[in-house]
file upload_10.pdb (PDB, C-alpha atoms (C1' of nucleotides))
ATOM      1  CA  MET A  36       0.000   0.000   0.000
ATOM      2  CA  ILE A  37       1.068   3.563  -0.653
ATOM      3  CA  ARG A  38       0.801   6.060   2.173
ATOM      4  CA  LEU A  39       0.785   9.774   1.453
ATOM      5  CA  GLY A  40       1.833  12.946   3.157
ATOM      6  CA  TYR A  41       2.699  16.596   2.586
ATOM      7  CA  PRO A  42       5.303  19.067   3.812
ATOM      8  CA  ALA A  43       5.565  21.866   6.298
ATOM      9  CA  GLN A  44       2.120  23.410   6.511
ATOM     10  CA  ASN A  45      -1.591  22.697   6.383
ATOM     11  CA  LEU A  46      -3.612  25.182   4.354
ATOM     12  CA  SER A  47      -6.925  23.951   5.784
ATOM     13  CA  LEU A  48      -6.135  24.870   9.364
ATOM     14  CA  PRO A  49      -5.415  28.225  10.995
ATOM     15  CA  ALA A  50      -2.440  26.565  12.684
ATOM     16  CA  SER A  51       1.251  26.746  11.847
ATOM     17  CA  THR A  52       4.327  24.990  13.194
ATOM     18  CA  ASN A  53       6.483  27.608  11.495
ATOM     19  CA  HIS A  54       6.268  30.611  13.769
ATOM     20  CA  THR A  55       9.702  32.112  13.841
ATOM     21  CA  LEU A  56      11.542  35.262  14.807
ATOM     22  CA  ARG A  57      14.472  37.312  13.685
ATOM     23  CA  LEU A  58      17.926  36.716  15.026
ATOM     24  CA  ALA A  59      17.863  40.118  16.705
ATOM     25  CA  ASN A  60      15.019  38.884  18.931
ATOM     26  CA  LEU A  61      16.612  35.572  19.851
ATOM     27  CA  PRO A  62      17.916  36.808  23.245
ATOM     28  CA  ASP A  63      14.291  37.171  24.421
ATOM     29  CA  ALA A  64      14.085  33.664  25.900
ATOM     30  CA  ASN A  65      10.478  33.958  27.009
ATOM     31  CA  ARG A  66       9.413  34.975  23.552
ATOM     32  CA  VAL A  67      11.246  31.996  22.061
ATOM     33  CA  ARG A  68       9.734  29.639  24.636
ATOM     34  CA  SER A  69       6.164  30.652  23.960
ATOM     35  CA  LEU A  70       6.730  30.570  20.203
ATOM     36  CA  VAL A  71       8.095  27.019  20.338
ATOM     37  CA  ARG A  72       5.201  25.930  22.554
ATOM     38  CA  GLU A  73       2.760  27.383  20.031
ATOM     39  CA  ASN A  74       4.524  25.525  17.187
ATOM     40  CA  LEU A  75       4.316  22.251  19.104
ATOM     41  CA  ARG A  76       0.672  22.836  19.954
ATOM     42  CA  ALA A  77      -0.047  23.471  16.268
ATOM     43  CA  LEU A  78       1.829  20.288  15.388
ATOM     44  CA  GLU A  79      -0.577  18.279  17.523
ATOM     45  CA  GLU A  80      -3.539  19.974  15.827
ATOM     46  CA  ILE A  81      -2.144  19.167  12.380
ATOM     47  CA  LEU A  82      -1.458  15.568  13.392
ATOM     48  CA  HIS A  83      -5.092  15.148  14.432
ATOM     49  CA  TRP A  84      -6.231  16.647  11.114
ATOM     50  CA  ASN A  85      -3.935  14.315   9.178
ATOM     51  CA  ALA A  86      -5.147  11.208  10.954
ATOM     52  CA  GLY A  87      -8.749  12.246  10.376
ATOM     53  CA  HIS A  88      -8.117  12.658   6.656
ATOM     54  CA  GLY A  89      -6.099   9.503   6.015
ATOM     55  CA  VAL A  90      -2.770  11.311   5.741
ATOM     56  CA  SER A  91       0.074   9.196   7.097
ATOM     57  CA  LEU A  92       3.168  11.373   6.637
ATOM     58  CA  PHE A  93       3.997  14.887   7.740
ATOM     59  CA  ARG A  94       7.194  16.856   7.219
ATOM     60  CA  ILE A  95       7.793  19.306  10.034
ATOM     61  CA  GLY A  96       9.190  22.690   9.027
ATOM     62  CA  GLN A  97      12.729  23.543  10.106
ATOM     63  CA  SER A  98      11.568  26.364  12.330
ATOM     64  CA  LEU A  99       9.663  24.139  14.752
ATOM     65  CA  ILE A 100      12.351  25.369  17.122
ATOM     66  CA  PRO A 101      13.745  28.403  15.296
ATOM     67  CA  PHE A 102      17.517  28.885  15.518
ATOM     68  CA  ALA A 103      17.776  25.683  17.543
ATOM     69  CA  SER A 104      21.225  25.013  16.086
ATOM     70  CA  HIS A 105      22.414  28.590  16.486
ATOM     71  CA  PRO A 106      25.132  29.162  19.099
ATOM     72  CA  ASP A 107      23.152  32.091  20.521
ATOM     73  CA  PHE A 108      20.026  30.068  21.275
ATOM     74  CA  PRO A 109      19.116  31.324  24.746
ATOM     75  CA  TYR A 110      18.372  28.105  26.649
ATOM     76  CA  ASP A 111      18.666  24.303  26.484
ATOM     77  CA  TRP A 112      15.702  23.555  24.252
ATOM     78  CA  ALA A 113      16.287  19.790  24.359
ATOM     79  CA  VAL A 114      15.691  19.877  28.112
ATOM     80  CA  GLU A 115      12.925  22.462  28.342
ATOM     81  CA  HIS A 116      10.834  21.207  25.429
ATOM     82  CA  ALA A 117      11.450  17.498  25.934
ATOM     83  CA  PRO A 118       8.023  16.905  27.547
ATOM     84  CA  ASP A 119       6.136  18.694  24.752
ATOM     85  CA  LEU A 120       8.208  16.987  22.056
ATOM     86  CA  GLY A 121       7.585  13.642  23.704
ATOM     87  CA  ARG A 122       3.847  14.262  23.826
ATOM     88  CA  ALA A 123       3.696  15.285  20.159
ATOM     89  CA  GLY A 124       5.759  12.246  19.201
ATOM     90  CA  SER A 125       3.528   9.889  21.158
ATOM     91  CA  LEU A 126       0.506  11.430  19.502
ATOM     92  CA  ALA A 127       2.018  10.930  16.039
ATOM     93  CA  LEU A 128       2.786   7.333  16.891
ATOM     94  CA  SER A 129      -0.698   6.612  18.203
ATOM     95  CA  LEU A 130      -2.298   8.266  15.168
ATOM     96  CA  GLY A 131      -0.006   6.443  12.747
ATOM     97  CA  VAL A 132       1.568   9.588  11.272
ATOM     98  CA  ARG A 133       5.220   9.264  10.226
ATOM     99  CA  LEU A 134       7.315  12.384  10.854
ATOM    100  CA  SER A 135      10.228  13.891   8.962
ATOM    101  CA  PHE A 136      12.384  16.993   8.631
ATOM    102  CA  HIS A 137      14.120  18.364   5.532
ATOM    103  CA  PRO A 138      16.963  20.812   6.228
ATOM    104  CA  GLY A 139      17.320  23.167   3.285
ATOM    105  CA  GLN A 140      19.959  24.348   0.863
ATOM    106  CA  TYR A 141      22.087  26.023   3.507
ATOM    107  CA  THR A 142      22.848  22.695   5.124
ATOM    108  CA  GLN A 143      26.081  21.618   3.423
ATOM    109  CA  PRO A 144      28.076  19.025   5.377
ATOM    110  CA  GLY A 145      30.265  18.513   2.310
ATOM    111  CA  SER A 146      31.282  22.141   1.990
ATOM    112  CA  PRO A 147      35.037  22.758   1.686
ATOM    113  CA  ARG A 148      34.589  25.588   4.197
ATOM    114  CA  PRO A 149      34.975  24.013   7.653
ATOM    115  CA  GLU A 150      32.717  26.551   9.356
ATOM    116  CA  VAL A 151      29.914  25.843   6.871
ATOM    117  CA  ALA A 152      30.275  22.094   7.330
ATOM    118  CA  ALA A 153      30.295  22.472  11.126
ATOM    119  CA  ARG A 154      27.125  24.607  11.142
ATOM    120  CA  SER A 155      25.484  22.066   8.868
ATOM    121  CA  VAL A 156      26.259  19.227  11.262
ATOM    122  CA  MET A 157      24.782  21.295  14.110
ATOM    123  CA  GLU A 158      21.567  21.730  12.129
ATOM    124  CA  LEU A 159      21.378  17.991  11.493
ATOM    125  CA  ARG A 160      21.981  17.276  15.171
ATOM    126  CA  TYR A 161      19.063  19.555  16.043
ATOM    127  CA  VAL A 162      16.513  17.697  13.904
ATOM    128  CA  ALA A 163      17.858  14.268  14.872
ATOM    129  CA  ARG A 164      17.645  15.244  18.551
ATOM    130  CA  ALA A 165      14.090  16.463  18.067
ATOM    131  CA  LEU A 166      13.071  13.164  16.469
ATOM    132  CA  SER A 167      14.771  11.247  19.273
ATOM    133  CA  LEU A 168      12.923  13.276  21.899
ATOM    134  CA  MET A 169       9.696  12.610  20.024
ATOM    135  CA  GLY A 170      10.456   8.911  20.258
ATOM    136  CA  SER A 171       9.963   8.532  16.534
ATOM    137  CA  PRO A 172      10.872   4.991  15.454
ATOM    138  CA  ASP A 173      10.592   5.647  11.707
ATOM    139  CA  GLY A 174      11.331   9.387  11.572
ATOM    140  CA  VAL A 175      13.424  10.650   8.672
ATOM    141  CA  VAL A 176      15.830  13.538   8.163
ATOM    142  CA  VAL A 177      15.937  14.198   4.421
ATOM    143  CA  LEU A 178      19.011  15.896   3.008
ATOM    144  CA  HIS A 179      20.510  16.707  -0.392
ATOM    145  CA  LEU A 180      24.208  16.127  -1.004
ATOM    146  CA  GLY A 181      24.729  19.838  -1.675
ATOM    147  CA  GLY A 182      27.447  21.459  -3.741
ATOM    148  CA  ALA A 183      29.991  19.601  -5.884
ATOM    149  CA  HIS A 184      32.602  22.400  -5.800
ATOM    150  CA  GLY A 185      34.171  21.343  -9.052
ATOM    151  CA  ASP A 186      35.392  17.997  -7.705
ATOM    152  CA  ARG A 187      32.599  15.487  -7.265
ATOM    153  CA  GLU A 188      34.678  12.745  -5.653
ATOM    154  CA  ALA A 189      36.196  15.104  -3.104
ATOM    155  CA  ALA A 190      32.760  16.538  -2.299
ATOM    156  CA  LYS A 191      31.312  13.064  -1.713
ATOM    157  CA  THR A 192      34.209  12.135   0.531
ATOM    158  CA  ARG A 193      33.919  15.323   2.583
ATOM    159  CA  PHE A 194      30.179  14.684   2.976
ATOM    160  CA  VAL A 195      30.772  11.128   4.215
ATOM    161  CA  GLU A 196      33.585  12.140   6.538
ATOM    162  CA  ALA A 197      31.535  14.936   8.077
ATOM    163  CA  LEU A 198      28.714  12.579   9.035
ATOM    164  CA  ARG A 199      30.109   9.082   9.468
ATOM    165  CA  HIS A 200      30.507   9.395  13.235
ATOM    166  CA  GLU A 201      27.203  11.242  13.831
ATOM    167  CA  GLU A 202      25.372   8.315  15.365
ATOM    168  CA  GLU A 203      22.103  10.060  16.193
ATOM    169  CA  VAL A 204      21.953  11.811  12.798
ATOM    170  CA  LEU A 205      22.626   8.577  10.914
ATOM    171  CA  ARG A 206      19.748   6.895  12.741
ATOM    172  CA  PHE A 207      17.318   9.174  10.869
ATOM    173  CA  LEU A 208      19.234  10.437   7.830
ATOM    174  CA  ALA A 209      18.142   9.682   4.251
ATOM    175  CA  LEU A 210      19.751  11.249   1.175
ATOM    176  CA  GLU A 211      17.751  12.633  -1.757
ATOM    177  CA  ASN A 212      18.753  13.153  -5.385
ATOM    178  CA  ASP A 213      18.526  16.708  -6.727
ATOM    179  CA  GLU A 214      17.557  18.318 -10.000
ATOM    180  CA  ARG A 215      20.935  19.502 -11.214
ATOM    181  CA  THR A 216      23.964  18.153  -9.347
ATOM    182  CA  TRP A 217      23.515  14.648  -7.914
ATOM    183  CA  THR A 218      21.699  11.839  -9.695
ATOM    184  CA  VAL A 219      19.948   8.907  -8.039
ATOM    185  CA  SER A 220      22.864   6.551  -8.651
ATOM    186  CA  GLU A 221      25.382   8.960  -7.104
ATOM    187  CA  THR A 222      23.050   9.622  -4.175
ATOM    188  CA  VAL A 223      22.647   5.890  -3.602
ATOM    189  CA  GLU A 224      26.409   5.443  -3.703
ATOM    190  CA  VAL A 225      26.921   7.994  -0.922
ATOM    191  CA  SER A 226      23.978   6.553   1.008
ATOM    192  CA  ARG A 227      25.602   3.139   0.983
ATOM    193  CA  ARG A 228      28.906   4.570   2.152
ATOM    194  CA  LEU A 229      27.123   6.092   5.150
ATOM    195  CA  GLY A 230      24.819   3.130   5.715
ATOM    196  CA  VAL A 231      21.668   5.230   5.324
ATOM    197  CA  PRO A 232      18.780   4.937   2.830
ATOM    198  CA  ALA A 233      18.162   7.016  -0.293
ATOM    199  CA  ILE A 234      15.011   8.823  -1.379
ATOM    200  CA  VAL A 235      14.130   9.017  -5.054
ATOM    201  CA  ASP A 236      12.453  12.305  -5.989
ATOM    202  CA  THR A 237      10.565  11.788  -9.253
ATOM    203  CA  LEU A 238      10.703  15.377 -10.552
ATOM    204  CA  HIS A 239      14.373  15.790  -9.698
ATOM    205  CA  HIS A 240      15.018  12.480 -11.393
ATOM    206  CA  ALA A 241      13.140  13.561 -14.525
ATOM    207  CA  LEU A 242      15.323  16.686 -14.721
ATOM    208  CA  ASN A 243      18.579  14.930 -13.808
ATOM    209  CA  PRO A 244      18.114  11.255 -14.739
ATOM    210  CA  GLY A 245      21.741  10.265 -15.263
ATOM    211  CA  GLY A 246      20.638   7.910 -18.012
ATOM    212  CA  LEU A 247      18.221   5.959 -15.813
ATOM    213  CA  LYS A 248      14.519   5.383 -16.268
ATOM    214  CA  LEU A 249      12.335   5.816 -13.187
ATOM    215  CA  VAL A 250      12.045   2.046 -12.785
ATOM    216  CA  GLN A 251      15.833   1.720 -12.731
ATOM    217  CA  ALA A 252      16.117   4.577 -10.241
ATOM    218  CA  LEU A 253      13.604   2.893  -7.919
ATOM    219  CA  ASP A 254      15.457  -0.367  -8.333
ATOM    220  CA  LEU A 255      18.536   1.356  -6.952
ATOM    221  CA  GLY A 256      16.874   3.437  -4.264
ATOM    222  CA  LEU A 257      14.273   1.164  -2.672
ATOM    223  CA  PRO A 258      16.648  -1.607  -1.503
ATOM    224  CA  THR A 259      18.619   0.942   0.547
ATOM    225  CA  TRP A 260      15.694   0.955   3.002
ATOM    226  CA  ARG A 261      16.043  -2.710   3.932
ATOM    227  CA  THR A 262      18.572  -2.097   6.676
ATOM    228  CA  ARG A 263      16.506   0.762   8.163
ATOM    229  CA  GLY A 264      13.572  -1.531   8.783
ATOM    230  CA  SER A 265      10.916   1.020   7.897
ATOM    231  CA  ASN A 266       8.853   1.689   4.780
ATOM    232  CA  PRO A 267      10.786   3.171   1.832
ATOM    233  CA  LYS A 268      10.159   6.873   1.290
ATOM    234  CA  LEU A 269       9.797   8.608  -2.063
ATOM    235  CA  HIS A 270       9.061  12.156  -3.173
ATOM    236  CA  ILE A 271       6.704  13.074  -5.967
ATOM    237  CA  SER A 272       5.889  16.429  -7.493
ATOM    238  CA  SER A 273       4.700  17.714 -10.844
ATOM    239  CA  GLN A 274       6.194  20.434 -12.993
ATOM    240  CA  ASP A 275       4.325  23.747 -12.991
ATOM    241  CA  PRO A 276       3.849  24.255 -16.760
ATOM    242  CA  GLU A 277       3.906  28.052 -16.347
ATOM    243  CA  LYS A 278       7.215  28.148 -14.521
ATOM    244  CA  LYS A 279      10.807  27.148 -15.021
ATOM    245  CA  PRO A 280      11.941  23.533 -14.736
ATOM    246  CA  GLY A 281      11.778  22.255 -11.189
ATOM    247  CA  ALA A 282       8.969  24.535 -10.007
ATOM    248  CA  HIS A 283       6.279  22.577  -8.204
ATOM    249  CA  ALA A 284       2.721  22.522  -9.511
ATOM    250  CA  TRP A 285      -0.292  23.040  -7.246
ATOM    251  CA  ALA A 286      -1.165  19.344  -7.349
ATOM    252  CA  ILE A 287       0.108  16.077  -8.779
ATOM    253  CA  HIS A 288      -0.743  15.550 -12.441
ATOM    254  CA  SER A 289      -2.442  12.220 -13.048
ATOM    255  CA  GLU A 290       0.207  11.033 -15.511
ATOM    256  CA  ASP A 291       2.950  11.618 -12.949
ATOM    257  CA  TRP A 292       1.016   9.723 -10.344
ATOM    258  CA  SER A 293       0.239   6.787 -12.623
ATOM    259  CA  GLY A 294       3.851   6.780 -13.804
ATOM    260  CA  LEU A 295       5.052   6.279 -10.249
ATOM    261  CA  VAL A 296       2.446   3.622  -9.450
ATOM    262  CA  GLU A 297       3.361   1.693 -12.615
ATOM    263  CA  ALA A 298       7.071   1.938 -11.834
ATOM    264  CA  LEU A 299       6.463   0.638  -8.314
ATOM    265  CA  GLU A 300       4.475  -2.256  -9.714
ATOM    266  CA  ALA A 301       7.294  -2.966 -12.176
ATOM    267  CA  VAL A 302       9.841  -3.297  -9.368
ATOM    268  CA  ASP A 303       7.311  -5.283  -7.335
ATOM    269  CA  SER A 304       7.327  -2.843  -4.445
ATOM    270  CA  ARG A 305       4.278  -3.430  -2.299
ATOM    271  CA  SER A 306       4.624  -0.586   0.122
ATOM    272  CA  ALA A 307       5.983   2.937  -0.082
ATOM    273  CA  ASP A 308       5.560   6.199   1.779
ATOM    274  CA  VAL A 309       5.219   8.999  -0.742
ATOM    275  CA  MET A 310       5.793  12.617   0.255
ATOM    276  CA  VAL A 311       3.743  14.791  -2.090
ATOM    277  CA  GLU A 312       5.528  18.067  -2.715
ATOM    278  CA  ALA A 313       2.781  20.240  -4.136
ATOM    279  CA  LYS A 314       2.155  23.945  -3.770
ATOM    280  CA  GLY A 315      -1.336  23.020  -2.639
ATOM    281  CA  LYS A 316       0.095  21.046   0.300
ATOM    282  CA  GLU A 317      -2.611  18.722   1.658
ATOM    283  CA  LEU A 318      -5.030  20.056  -0.969
ATOM    284  CA  GLY A 319      -2.713  18.795  -3.705
ATOM    285  CA  LEU A 320      -2.655  15.174  -2.563
ATOM    286  CA  PRO A 321      -3.751  12.621  -5.174
ATOM    287  CA  ASP A 322      -7.181  11.361  -4.202
ATOM    288  CA  VAL A 323      -7.148   8.248  -6.320
ATOM    289  CA  GLY A 324      -4.947   5.236  -6.582
ATOM    290  CA  ALA A 325      -3.163   5.258  -3.264
ATOM    291  CA  SER A 326      -5.557   3.131  -1.283
ATOM    292  CA  ARG A 327      -6.155   0.674  -4.120
ATOM    293  CA  TYR A 328      -2.569  -0.291  -4.565
TER     294      TYR A 328
ATOM    295  C1'  DT B   7      -4.096  48.017   9.697
ATOM    296  C1'  DT B   8      -1.799  46.980   5.657
ATOM    297  C1'  DG B   9       1.635  46.418   2.044
ATOM    298  C1'  DG B  10       6.117  45.806   0.810
ATOM    299  C1'  DG B  11      10.782  44.963   2.095
ATOM    300  C1'  DT B  12      13.512  41.853   4.599
ATOM    301  C1'  DC B  13      15.240  37.865   7.063
ATOM    302  C1'  DA B  14      20.915  33.076   9.481
ATOM    303  C1'  DA B  15      22.564  30.480   6.222
ATOM    304  C1'  DG B  16      25.368  28.101   0.371
ATOM    305  C1'  DG B  17      26.105  27.180  -4.096
ATOM    306  C1'  DA B  18      25.493  27.361  -8.965
ATOM    307  C1'  DG B  19      24.455  29.659 -13.102
ATOM    308  C1'  DT B  20      24.308  33.929 -15.879
ATOM    309  C1'  DC B  21      26.050  38.124 -17.564
TER     310       DC B  21
ATOM    311  C1'  DG C  15      32.228  40.687  -9.344
ATOM    312  C1'  DA C  16      27.320  41.426  -9.093
ATOM    313  C1'  DC C  17      23.117  39.478  -9.399
ATOM    314  C1'  DT C  18      19.475  35.870  -9.362
ATOM    315  C1'  DC C  19      17.388  31.690  -8.191
ATOM    316  C1'  DC C  20      16.218  27.964  -5.195
ATOM    317  C1'  DT C  21      11.668  28.152  -1.700
ATOM    318  C1'  DT C  22       9.216  30.537   1.774
ATOM    319  C1'  DG C  23       6.380  32.124   5.501
ATOM    320  C1'  DA C  24       6.508  35.262   8.780
ATOM    321  C1'  DC C  25       8.512  39.179  10.773
ATOM    322  C1'  DC C  26       9.042  44.102  10.878
ATOM    323  C1'  DC C  27       8.326  48.740  10.008
ATOM    324  C1'  DA C  28       6.783  52.742   7.558
ATOM    325  C1'  DA C  29       2.853  54.852   5.852
TER     326       DA C  29
END
call {"tool": "encode", "arguments": {"input": "upload_10.pdb", "output": "structure tokens"}}
result
Amino acid sequence: MIRLGYPAQNLSLPASTNHTLRLANLPDANRVRSLVRENLRALEEILHWNAGHGVSLFRIGQSLIPFASHPDFPYDWAVEHAPDLGRAGSLALSLGVRLSFHPGQYTQPGSPRPEVAARSVMELRYVARALSLMGSPDGVVVLHLGGAHGDREAAKTRFVEALRHEEEVLRFLALENDERTWTVSETVEVSRRLGVPAIVDTLHHALNPGGLKLVQALDLGLPTWRTRGSNPKLHISSQDPEKKPGAHAWAIHSEDWSGLVEALEAVDSRSADVMVEAKGKELGLPDVGASRY
DNA sequence: TTGGGTCAAGGAGTC
DNA sequence: GACTCCTTGACCCAA
């Protein structure tokens, strides 16, 4: 069976887990505390909505705890928010909603600049710690490989070296192909070196296929999940025909959806968790096909 | 109250 | 070297 989910926000609810603040206001610890509590309260509301609408995956925005990895964060968030994180995690577990994070383009563990790589590791530690405190058994931290810096082999090696001893990060980490730099086969190669799974993103793959058809890409990516012991994750999105390549459409076009379902059937994959990256968020989820497969 | 500019951060492509 | 895009909501401030 295919389970579906969406990232970062729910357009149907007046609730957001993404309340943030500017760096200049970070010293105001009480303000940060109440903002984080509001984000966690909203997370519980969204989890209830998801469970009530048959949505089984949710990607939490990076600013659940804004600036959590910043050296100037004013208190020990992992201690103070542990009870609330634990409650939200238990709720997700009881409702059957799988959680994930997806640090963005500024997270570059493979950067040749040591300070950039170090900050990136701190960001990954933050989300891994949050998932640990939520007690998430199948939580995922999704990350792109980042820049190639003119030497692909050196970049891959730096990436692996930066993370190979990060035990808590590796427990949740999964690597995703991107639309211009790293193909599925290269992403899988680095995943194997780190002992973590790989996520195939269908739109990125279409734009940067590296000579592979989608079926071949899935054939490479899906087996990397065997050692993790949880359902394989995939990303799907459709191209916005009005915008430049890579821009997400409001919803998933039926041919993209059927293309993925057929490819999964071709590789005989009976279960997958598909994150739907649509501008319409939960409103862009495919409403056919998932439950029948 | 509202609209528009701005906000921690990296890297790649264009000109 | 400067600029833009990625992707983005929310903050912040001037009007």
call {"tool": "resolve_selection", "arguments": {"input": "upload_10.pdb", "expression": "the PyMOL selection byres ((chain A) within 9 of (chain B))", "output": "PyMOL selection string"}}
result
chain A and resi 56-58+102+105+140-143+146+151+154+181-184
call {"tool": "atom_distance", "arguments": {"input": "upload_10.pdb", "atom1": "CA of Ala152 in chain A", "atom2": "CA of Glu211 in chain A"}}
result
18.1 Å
call {"tool": "residues_around", "arguments": {"input": "upload_10.pdb", "residues": "range 21-25 of chain C", "least_positions_apart": "3", "cutoff": "12 Å", "atoms": "all atoms listed in the file", "output": "NGL selection string"}}
result
(:A and (43-44 or 51-60 or 96-98 or 101 or 139-141 or 281-283 or 312 or 314)) or (:B and (11-13))
call {"tool": "atom_distance", "arguments": {"input": "upload_10.pdb", "atom1": "CA of Ser135 in chain A", "atom2": "CA of His270 in chain A"}}
result
12.3 Å
call {"tool": "atom_distance", "arguments": {"input": "upload_10.pdb", "atom1": "CA of Lys248 in chain A", "atom2": "CA of Glu224 in chain A"}}
result
17.3 Å
call {"tool": "closest_residue", "arguments": {"input": "upload_10.pdb", "among": "A:Ser125, A:Asp186, A:Asp213, A:Ala103", "to": "chain C", "atoms": "only C-alpha atoms (C1' of nucleotides)"}}
result
A:Asp213
call {"tool": "closest_residue", "arguments": {"input": "upload_10.pdb", "among": "A:His83, A:Glu214, A:Leu249, A:Pro267", "to": "chain C", "atoms": "only C-alpha atoms (C1' of nucleotides)"}}
result
A:Glu214
call {"tool": "closest_residue", "arguments": {"input": "upload_10.pdb", "among": "A:Arg215, A:Leu205, A:Arg187, A:Gly294", "to": "chain C", "atoms": "all atoms listed in the file"}}
result
A:Arg215
call {"tool": "axis_aligned_box", "arguments": {"input": "upload_10.pdb", "around": "chain C", "padding_each_side": "4 Å", "output": "lines of an AutoDock Vina configuration file"}}
result
center_x = 17.5
center_y = 41.4
center_z = 0.7
size_x = 37.4
size_y = 34.9
size_z = 28.3
call {"tool": "resolve_selection", "arguments": {"input": "upload_10.pdb", "expression": "the PyMOL selection byres ((chain A and resi 162) around 12)", "output": "NGL selection string"}}
result
:A and (94-104 or 112-113 or 120 or 134-139 or 142 or 155-161 or 163-169 or 171 or 174-178 or 203-208)
call {"tool": "resolve_selection", "arguments": {"input": "upload_10.pdb", "expression": "the PyMOL selection byres ((chain A and resi 286-289) around 12)", "output": "JSON, numbers by chain"}}
result
{"A": [41, 237, 238, 270, 271, 272, 273, 274, 275, 276, 282, 283, 284, 285, 290, 291, 292, 293, 294, 295, 296, 309, 310, 311, 312, 313, 314, 315, 316, 317, 318, 319, 320, 321, 322, 323, 324]}
call {"tool": "build_atoms", "arguments": {"input": "upload_10.pdb", "residues": "range 207-218 of chain A", "atoms": "N, CA, C and O atoms", "output": "PDB file, keeping the file's coordinate frame"}}
result
ATOM      1  N   PHE A 207      18.496   8.628  11.554  1.00  0.00           N
ATOM      2  CA  PHE A 207      17.318   9.174  10.869  1.00  0.00           C
ATOM      3  C   PHE A 207      17.604   9.623   9.433  1.00  0.00           C
ATOM      4  O   PHE A 207      16.678   9.817   8.645  1.00  0.00           O
ATOM      5  N   LEU A 208      18.876   9.808   9.101  1.00  0.00           N
ATOM      6  CA  LEU A 208      19.234  10.437   7.830  1.00  0.00           C
ATOM      7  C   LEU A 208      18.828   9.600   6.612  1.00  0.00           C
ATOM      8  O   LEU A 208      18.950   8.377   6.608  1.00  0.00           O
ATOM      9  N   ALA A 209      18.344  10.291   5.573  1.00  0.00           N
ATOM     10  CA  ALA A 209      18.142   9.682   4.251  1.00  0.00           C
ATOM     11  C   ALA A 209      18.558  10.728   3.225  1.00  0.00           C
ATOM     12  O   ALA A 209      18.264  11.919   3.390  1.00  0.00           O
ATOM     13  N   LEU A 210      19.230  10.307   2.169  1.00  0.00           N
ATOM     14  CA  LEU A 210      19.751  11.249   1.175  1.00  0.00           C
ATOM     15  C   LEU A 210      18.860  11.270  -0.070  1.00  0.00           C
ATOM     16  O   LEU A 210      18.395  10.224  -0.516  1.00  0.00           O
ATOM     17  N   GLU A 211      18.659  12.462  -0.622  1.00  0.00           N
ATOM     18  CA  GLU A 211      17.751  12.633  -1.757  1.00  0.00           C
ATOM     19  C   GLU A 211      18.500  13.177  -2.968  1.00  0.00           C
ATOM     20  O   GLU A 211      19.345  14.073  -2.834  1.00  0.00           O
ATOM     21  N   ASN A 212      18.185  12.623  -4.137  1.00  0.00           N
ATOM     22  CA  ASN A 212      18.753  13.153  -5.385  1.00  0.00           C
ATOM     23  C   ASN A 212      18.240  14.579  -5.633  1.00  0.00           C
ATOM     24  O   ASN A 212      17.209  14.980  -5.099  1.00  0.00           O
ATOM     25  N   ASP A 213      18.976  15.349  -6.438  1.00  0.00           N
ATOM     26  CA  ASP A 213      18.526  16.708  -6.727  1.00  0.00           C
ATOM     27  C   ASP A 213      18.453  16.940  -8.230  1.00  0.00           C
ATOM     28  O   ASP A 213      18.839  16.084  -9.017  1.00  0.00           O
ATOM     29  N   GLU A 214      17.936  18.110  -8.593  1.00  0.00           N
ATOM     30  CA  GLU A 214      17.557  18.318 -10.000  1.00  0.00           C
ATOM     31  C   GLU A 214      18.707  18.747 -10.899  1.00  0.00           C
ATOM     32  O   GLU A 214      18.557  18.791 -12.115  1.00  0.00           O
ATOM     33  N   ARG A 215      19.858  19.072 -10.316  1.00  0.00           N
ATOM     34  CA  ARG A 215      20.935  19.502 -11.214  1.00  0.00           C
ATOM     35  C   ARG A 215      22.305  18.897 -10.920  1.00  0.00           C
ATOM     36  O   ARG A 215      23.115  18.732 -11.817  1.00  0.00           O
ATOM     37  N   THR A 216      22.592  18.563  -9.664  1.00  0.00           N
ATOM     38  CA  THR A 216      23.964  18.153  -9.347  1.00  0.00           C
ATOM     39  C   THR A 216      24.125  16.640  -9.149  1.00  0.00           C
ATOM     40  O   THR A 216      24.989  16.025  -9.762  1.00  0.00           O
ATOM     41  N   TRP A 217      23.296  16.053  -8.296  1.00  0.00           N
ATOM     42  CA  TRP A 217      23.515  14.648  -7.914  1.00  0.00           C
ATOM     43  C   TRP A 217      22.366  13.773  -8.383  1.00  0.00           C
ATOM     44  O   TRP A 217      21.218  13.996  -8.022  1.00  0.00           O
ATOM     45  N   THR A 218      22.708  12.769  -9.175  1.00  0.00           N
ATOM     46  CA  THR A 218      21.699  11.839  -9.695  1.00  0.00           C
ATOM     47  C   THR A 218      21.343  10.795  -8.625  1.00  0.00           C
ATOM     48  O   THR A 218      21.988  10.719  -7.571  1.00  0.00           O
TER      49      THR A 218
END
